[in-house]
Amino acid sequence: MAEPEIENIKNILVVGAGAMGSQIGLVCAMAGYAVAVQDISSEMLEKAQKQLAGRMDRNVEKERMTRQEADEALARLTFTTDLEDAAKDADFVIEAAVEKLDIKRELFRKLDEITPDHTILATNSSTIESSRVADATDRPDRVCNMHFFNPALVMKCVEVVRNPGTSDATIEATVALTEKINKSPVLLNREIPGFVANRILHALANEAISLYENDVASFKDIDTACRTALGHPMGPFELMDLTGIDIAHDVRMVKYERSGDENDRPKRSIVERYERGDLGRKTGKGWYTYDEAGKRVSP
Ligand code: 3HC
């Protein structure tokens, strides 16, 4: 079965309704696609639905779109716990579930079984290259990474990463879809852990953490340096709070488990916060502390 041409991609399934999956779903719905966002947790789906509706209200308030455009986009978006039902008409799947290899492999095996033969199966993972899930399917040529950045509604970049078995047609369709949803594709010709943007980001974040742990400057001042000397929109500690300290921890653990290099282990200050459950904005505390509305209150 051939991969769908971009014109034939109508229905998109996003698996996982966390911060990434839900915003990816809305990005696709805003571009005119019929989108199902699936999650095993109805609580997560309800939370996502509420947050996305709030984002759209804000867009209308700020006159970025009309009420009608916002309502039409939200109407193209459905939320469900029923994977089989959501998968049966999908032309393109973007998987944004947890970053655990065994769960993703089982998910890809299942998606291969329940989606039409032509469907492309992409993973939003930044730590699991698609070759590690492609062999759980009978369509390795139609599997690739399609990696969005947080917050997905705002950040323009999407890394499209081919694995050795990905077909040219799959890459062409994925790049074309990225453009259709008003994002900027960055194409990686081969897999490399962390891809492009995160490799650069991790080098910066690791240096920032070392400076902090060696008592050279406070994390707040290191953030200030990145914003005011380098023009970054956020410092590395603020960004870790946004993307989640659990993610920062897990990404480094995966890297360490694969390399065996002690330098790759999550650093002490990350492990401490991770073990305390201070995971960033989502728990109200990470490097900084946030109030109920997500506003930073200290330090
Ligand atoms: N979700 C959706 N939209 C958001 C948002 C969120 N969490 N936070 C902010 N925005 C949007 C809103 O539209 C907001 O405008 P509004 O309040 O008028 O509606 C607009 O961004 C500006 O927000 P703020 O005024 O609150 O703050 P900033 O001007 O600092 O912008 C930011 C926020 C866009 C997040 C900006 O600080 C930024 O670009 N930060 C860097 C983000 C980054 O580096 N992302 C990459 C992370 S790495 C990654 O994702 C890899 C993955 O593998 C983990």
# chains A, B, ... in the order shown; residues from 1 in each chain; ligands from 1
call {"tool": "residues_near_ligand", "arguments": {"ligand": "ligand 1", "cutoff": "6 Å", "atoms": "only C-alpha atoms and all ligand atoms", "output": "PyMOL selection string"}}
result
chain A and resi 58+126+149-151+153-154+198+233-234+243
call {"tool": "select_by_dssp", "arguments": {"residues": "range 217-259 of chain A", "states": "alpha helix (DSSP H)", "output": "ChimeraX atom specification"}}
result
/A:219-228,236-243,245-259
call {"tool": "residues_around", "arguments": {"residues": "Arg273 in chain A", "least_positions_apart": "2", "cutoff": "10 Å", "atoms": "only C-alpha atoms", "output": "list in words"}}
result
Ile245, Asp246, His249, Arg268, Ser269, Ile270, Val271, Glu275, Arg276, Gly277, Asp278, Leu279, Gly280, Lys285, Gly286 and Trp287 of chain A
call {"tool": "closest_residue", "arguments": {"among": "A:His118, A:Arg64, A:Lys104, A:Lys183", "to": "Arg132 in chain A", "atoms": "only C-alpha atoms"}}
result
A:Lys104
call {"tool": "residues_around", "arguments": {"residues": "Arg139 in chain A", "least_positions_apart": "4", "cutoff": "10 Å", "atoms": "only C-alpha atoms", "output": "ChimeraX atom specification"}}
result
/A:1,109,112,117-121,134-135,143,165-166
call {"tool": "residues_around", "arguments": {"residues": "Asn145 in chain A", "least_positions_apart": "6", "cutoff": "8 Å", "atoms": "only C-alpha atoms", "output": "list of chain:residue names"}}
result
A:Ala122, A:Thr123, A:Asn124, A:Ser125, A:Ser126, A:Glu129, A:Ser130, A:Glu159, A:Val160, A:Val161, A:Arg162
call {"tool": "residues_around", "arguments": {"residues": "Ile24 in chain A", "least_positions_apart": "4", "cutoff": "9 Å", "atoms": "only C-alpha atoms", "output": "list in words"}}
result
Val14, Ala19, Met20, Cys28, Ala29, Ile94, Ala96, Phe148, Ala152 and Leu153 of chain A
call {"tool": "atom_distance", "arguments": {"atom1": "CA of Lys110 in chain A", "atom2": "CA of Asn11 in chain A"}}
result
18.2 Å
call {"tool": "residues_around", "arguments": {"residues": "Glu292 in chain A", "least_positions_apart": "2", "cutoff": "10 Å", "atoms": "only C-alpha atoms", "output": "VMD selection string"}}
result
chain A and resid 281 to 284 290 294 to 296
call {"tool": "write_last_selection", "arguments": {"atoms": "N, CA and C atoms", "output": "mmCIF file, in the first residue's frame"}}
result
data_model
loop_
_atom_site.group_PDB
_atom_site.id
_atom_site.type_symbol
_atom_site.label_atom_id
_atom_site.label_comp_id
_atom_site.auth_asym_id
_atom_site.auth_seq_id
_atom_site.Cartn_x
_atom_site.Cartn_y
_atom_site.Cartn_z
ATOM 1 N N ARG A 281 6.373 23.871 36.303
ATOM 2 C CA ARG A 281 5.083 24.576 36.331
ATOM 3 C C ARG A 281 3.913 23.657 36.631
ATOM 4 N N LYS A 282 3.987 22.429 36.111
ATOM 5 C CA LYS A 282 2.815 21.550 36.262
ATOM 6 C C LYS A 282 2.558 21.145 37.713
ATOM 7 N N THR A 283 3.577 21.195 38.580
ATOM 8 C CA THR A 283 3.337 20.866 39.988
ATOM 9 C C THR A 283 3.372 22.131 40.859
ATOM 10 N N GLY A 284 3.559 23.284 40.229
ATOM 11 C CA GLY A 284 3.570 24.541 40.974
ATOM 12 C C GLY A 284 4.944 24.892 41.514
ATOM 13 N N TYR A 290 5.263 28.698 41.478
ATOM 14 C CA TYR A 290 4.178 29.290 40.692
ATOM 15 C C TYR A 290 2.879 29.252 41.491
ATOM 16 N N GLY A 294 -0.502 29.705 37.446
ATOM 17 C CA GLY A 294 0.715 29.449 36.681
ATOM 18 C C GLY A 294 1.658 30.635 36.647
ATOM 19 N N LYS A 295 1.331 31.679 37.443
ATOM 20 C CA LYS A 295 2.190 32.870 37.469
ATOM 21 C C LYS A 295 3.360 32.629 38.434
ATOM 22 N N ARG A 296 4.552 33.071 38.039
ATOM 23 C CA ARG A 296 5.720 32.849 38.886
ATOM 24 C C ARG A 296 5.672 33.747 40.117
#
call {"tool": "closest_residue", "arguments": {"among": "A:Leu187, A:Val27, A:Ile12, A:Cys226", "to": "Val93 in chain A", "atoms": "only C-alpha atoms"}}
result
A:Ile12
call {"tool": "atom_distance", "arguments": {"atom1": "CA of Glu238 in chain A", "atom2": "CA of Glu207 in chain A"}}
result
14.7 Å
call {"tool": "closest_residue", "arguments": {"among": "A:Ser184, A:Ser22, A:Asn163, A:Thr78", "to": "Glu95 in chain A", "atoms": "only C-alpha atoms"}}
result
A:Ser22
call {"tool": "closest_residue", "arguments": {"among": "A:Thr228, A:Gln68, A:Thr127, A:Gln51", "to": "Val251 in chain A", "atoms": "only C-alpha atoms"}}
result
A:Thr127
call {"tool": "select_by_dssp", "arguments": {"residues": "range 19-201 of chain A", "states": "strand (DSSP E)", "output": "NGL selection string"}}
result
:A and (34-38 or 77-80 or 92-95 or 120-123 or 143-148 or 157-161 or 184-188)
call {"tool": "closest_residue", "arguments": {"among": "A:Asp91, A:Asp82, A:Glu179, A:Asp138", "to": "Val158 in chain A", "atoms": "only C-alpha atoms"}}
result
A:Glu179
call {"tool": "closest_residue", "arguments": {"among": "A:Asp85, A:Ala73, A:Val216, A:Ala31", "to": "Ile181 in chain A", "atoms": "only C-alpha atoms"}}
result
A:Ala31
call {"tool": "atom_distance", "arguments": {"atom1": "CA of Val186 in chain A", "atom2": "CA of Ile171 in chain A"}}
result
11.3 Å
